[in-house]
Amino acid sequence: MSPEQVLAHEDVAGKEPAAVYQAPIAKVREAGIRALTFVGCKMKIDEPCHLRGRRPNKMGLLVGSGGESVEIFLYPKSENQTQVWVDTDLSFVGIAGQQSWDKQVVEQLNSILNTQTKQTP
Amino acid sequence: MKRGEGDVGGRFWRTAIACALFCGTIILTCGCATEVGSHTFLGKTYPAKSADHPIDVYTDSLPERPFERVALLDIHCESQGFLETNLENDGVPELKRQARAAGCDAIVEISERKLDNWSLETRTKTFSAVGIVYR
């Protein structure tokens, strides 16, 4: 997915970014992969401007939880500024145990990128 | 009806119900654990190591021999039942898998990451570590 395709995507077009980071897109993409892992997603799409992870379906106390797909869209506003949109899609199977992970993903991105900023002299 | 036919049918259903209850109890109390992981290279990338490559795990110290930090390893462990997720049984195997994928020889600086605002999830833990290669 190219930067132009990101802006035209239905989950991005006409919506405010969930976050804007003063960091190059490559750094934000790396943080995105980590954030998706932290919320339990297995990576399905790993492109420079688009990440997609899926939480495995589970059985157990919460029968049928998992199954959500979480997408991160990245747009390089400039060399050192990246806009981010996050979108969770619920699936039919196990929808009762599913939830949106947008907020948690943005919190993890904030945490990772702030930490990295502090480590940089 | 022949004599004993009702007893056989009743026994079959009692056994089937007992098996269903047993399986349900196992699922509810144990469930299944899922581990998801990823790795991020800190600089240059390294080729993956073989599946049986030994990975040293340093939980509270660093190797005495020279080493280089090459990758951040992140994992998410989730147990669905009443069993507590723990680093040794659930975390370390996935950390080792990620370390091999990142071409590492050992794992250091393991930390547990706290996640807030979680709902509908039970027994979730995430761990981060640094993968190293010996020089």
# chains A, B, ... in the order shown; residues from 1 in each chain; ligands from 1
$ residues_around --residues "A:Ser91" --least-positions-apart "5" --cutoff "8 Å" --atoms "only C-alpha atoms" --output "MDAnalysis selection string"
chainID A and resid 67:69
$ residues_around --residues "A:Ala18" --least-positions-apart "2" --cutoff "8 Å" --atoms "only C-alpha atoms" --output "mmCIF file with C-alpha atoms, in the first residue's frame"
data_model
loop_
_atom_site.group_PDB
_atom_site.id
_atom_site.type_symbol
_atom_site.label_atom_id
_atom_site.label_comp_id
_atom_site.auth_asym_id
_atom_site.auth_seq_id
_atom_site.Cartn_x
_atom_site.Cartn_y
_atom_site.Cartn_z
ATOM 1 C CA GLU A 16 -8.298 12.568 11.987
ATOM 2 C CA VAL A 20 1.123 12.048 15.006
ATOM 3 C CA GLN A 83 0.592 10.225 10.951
ATOM 4 C CA VAL A 84 -1.028 7.077 12.299
ATOM 5 C CA TRP A 85 -4.539 5.635 12.067
ATOM 6 C CA VAL A 86 -5.581 2.486 13.941
ATOM 7 C CA VAL A 106 -2.054 3.908 20.458
#
$ closest_residue --among "B:Phe41, B:Trp13, B:Tyr46, B:Phe67" --to "A:Ile33" --atoms "only C-alpha atoms"
B:Phe41
$ residues_around --residues "A:Ser2" --least-positions-apart "3" --cutoff "9 Å" --atoms "only C-alpha atoms" --output "tab-separated table (two decimals) with N, CA and C atoms, in the first residue's frame"
chain	number	residue	atom	x	y	z
A	5	GLN	N	-2.43	5.52	-1.32
A	5	GLN	CA	-3.48	4.52	-1.07
A	5	GLN	C	-3.92	4.53	0.40
A	6	VAL	N	-2.98	4.84	1.28
A	6	VAL	CA	-3.34	4.95	2.71
A	6	VAL	C	-4.36	6.06	2.89
A	7	LEU	N	-4.10	7.23	2.31
A	7	LEU	CA	-5.02	8.37	2.49
A	7	LEU	C	-6.39	8.10	1.86
A	48	PRO	N	5.56	-1.11	4.41
A	48	PRO	CA	6.08	0.15	4.95
A	48	PRO	C	4.99	1.10	5.47
A	49	CYS	N	3.81	1.12	4.84
A	49	CYS	CA	2.76	2.05	5.25
A	49	CYS	C	1.55	1.35	5.88
A	50	HIS	N	1.60	0.05	5.98
A	50	HIS	CA	0.40	-0.67	6.43
A	50	HIS	C	0.79	-1.92	7.21
A	75	TYR	N	1.31	7.27	7.46
A	75	TYR	CA	1.49	8.22	6.36
A	75	TYR	C	2.64	9.18	6.71
$ select_by_dssp --residues "stretch 18-54 of chain A" --states "strand (DSSP E or B)" --output "PyMOL selection string"
chain A and resi 19-21+42-46+50-54
$ write_last_selection --atoms "N, CA and C atoms" --output "mmCIF file, in the first residue's frame"
data_model
loop_
_atom_site.group_PDB
_atom_site.id
_atom_site.type_symbol
_atom_site.label_atom_id
_atom_site.label_comp_id
_atom_site.auth_asym_id
_atom_site.auth_seq_id
_atom_site.Cartn_x
_atom_site.Cartn_y
_atom_site.Cartn_z
ATOM 1 N N ALA A 19 -2.863 9.485 16.025
ATOM 2 C CA ALA A 19 -1.652 10.050 16.634
ATOM 3 C C ALA A 19 -0.734 10.560 15.529
ATOM 4 N N VAL A 20 0.092 11.538 15.913
ATOM 5 C CA VAL A 20 1.123 12.048 15.006
ATOM 6 C C VAL A 20 2.439 12.008 15.772
ATOM 7 N N TYR A 21 3.434 11.371 15.196
ATOM 8 C CA TYR A 21 4.721 11.219 15.883
ATOM 9 C C TYR A 21 5.823 11.975 15.153
ATOM 10 N N LYS A 42 -0.903 -11.573 15.826
ATOM 11 C CA LYS A 42 0.081 -12.232 14.963
ATOM 12 C C LYS A 42 0.112 -11.440 13.663
ATOM 13 N N MET A 43 1.316 -11.090 13.198
ATOM 14 C CA MET A 43 1.416 -10.232 12.012
ATOM 15 C C MET A 43 0.937 -10.961 10.759
ATOM 16 N N LYS A 44 0.086 -10.296 10.011
ATOM 17 C CA LYS A 44 -0.420 -10.837 8.755
ATOM 18 C C LYS A 44 0.044 -10.011 7.560
ATOM 19 N N ILE A 45 0.092 -8.698 7.730
ATOM 20 C CA ILE A 45 0.590 -7.811 6.666
ATOM 21 C C ILE A 45 1.632 -6.900 7.281
ATOM 22 N N ASP A 46 2.802 -6.853 6.645
ATOM 23 C CA ASP A 46 3.891 -6.016 7.146
ATOM 24 C C ASP A 46 4.461 -5.242 5.958
ATOM 25 N N HIS A 50 1.597 0.049 5.977
ATOM 26 C CA HIS A 50 0.404 -0.672 6.430
ATOM 27 C C HIS A 50 0.786 -1.925 7.211
ATOM 28 N N LEU A 51 0.258 -2.031 8.430
ATOM 29 C CA LEU A 51 0.459 -3.226 9.244
ATOM 30 C C LEU A 51 -0.900 -3.811 9.584
ATOM 31 N N ARG A 52 -0.969 -5.114 9.563
ATOM 32 C CA ARG A 52 -2.211 -5.761 9.956
ATOM 33 C C ARG A 52 -1.876 -6.988 10.795
ATOM 34 N N GLY A 53 -2.497 -7.080 11.965
ATOM 35 C CA GLY A 53 -2.296 -8.231 12.838
ATOM 36 C C GLY A 53 -3.636 -8.833 13.188
ATOM 37 N N ARG A 54 -3.607 -10.109 13.525
ATOM 38 C CA ARG A 54 -4.859 -10.774 13.890
ATOM 39 C C ARG A 54 -4.676 -11.499 15.209
#
$ residues_around --residues "B:Leu95" --least-positions-apart "2" --cutoff "8 Å" --atoms "only C-alpha atoms" --output "PyMOL selection string"
chain B and resi 37+73-75+91-93+97-99+107+129
$ closest_residue --among "B:Asp105, B:Glu35, B:Glu88, B:Asp60" --to "chain A" --atoms "only C-alpha atoms"
B:Glu35
$ select_by_dssp --residues "stretch 8-118 of chain A" --states "alpha helix (DSSP H)" --output "PyMOL selection string"
chain A and resi 8+25-38+102-118
$ write_last_selection --atoms "C-alpha atoms" --output "JSON list (two decimals), in the first residue's frame"
[["chain", "number", "residue", "atom", "x", "y", "z"],
["A", 8, "ALA", "CA", -7.69, 6.96, 0.17],
["A", 25, "ILE", "CA", 7.93, 6.25, 9.26],
["A", 26, "ALA", "CA", 10.40, 3.34, 9.58],
["A", 27, "LYS", "CA", 10.69, 3.93, 13.34],
["A", 28, "VAL", "CA", 6.92, 4.22, 13.77],
["A", 29, "ARG", "CA", 6.42, 1.05, 11.73],
["A", 30, "GLU", "CA", 8.80, -0.86, 14.03],
["A", 31, "ALA", "CA", 6.92, 0.47, 17.04],
["A", 32, "GLY", "CA", 3.67, -0.57, 15.35],
["A", 33, "ILE", "CA", 4.83, -4.18, 15.04],
["A", 34, "ARG", "CA", 5.74, -4.19, 18.73],
["A", 35, "ALA", "CA", 2.42, -2.58, 19.72],
["A", 36, "LEU", "CA", 0.45, -5.19, 17.76],
["A", 37, "THR", "CA", 2.42, -7.95, 19.47],
["A", 38, "PHE", "CA", 1.70, -6.45, 22.89],
["A", 102, "ASP", "CA", -7.42, 0.94, 18.95],
["A", 103, "LYS", "CA", -6.85, 2.69, 22.27],
["A", 104, "GLN", "CA", -4.42, 0.09, 23.62],
["A", 105, "VAL", "CA", -2.41, 0.10, 20.39],
["A", 106, "VAL", "CA", -2.05, 3.91, 20.46],
["A", 107, "GLU", "CA", -1.04, 3.75, 24.14],
["A", 108, "GLN", "CA", 1.64, 1.21, 23.31],
["A", 109, "LEU", "CA", 2.86, 3.30, 20.38],
["A", 110, "ASN", "CA", 3.08, 6.33, 22.68],
["A", 111, "SER", "CA", 4.95, 4.33, 25.26],
["A", 112, "ILE", "CA", 7.42, 2.77, 22.81],
["A", 113, "LEU", "CA", 8.15, 5.94, 20.86],
["A", 114, "ASN", "CA", 8.48, 8.09, 23.97],
["A", 115, "THR", "CA", 10.88, 5.54, 25.44],
["A", 116, "GLN", "CA", 12.93, 5.54, 22.25],
["A", 117, "THR", "CA", 13.02, 9.34, 22.21],
["A", 118, "LYS", "CA", 14.37, 9.37, 25.77]]
$ closest_residue --among "B:Glu64, B:Asp52, B:Asp7, B:Glu78" --to "A:Pro56" --atoms "only C-alpha atoms"
B:Glu78
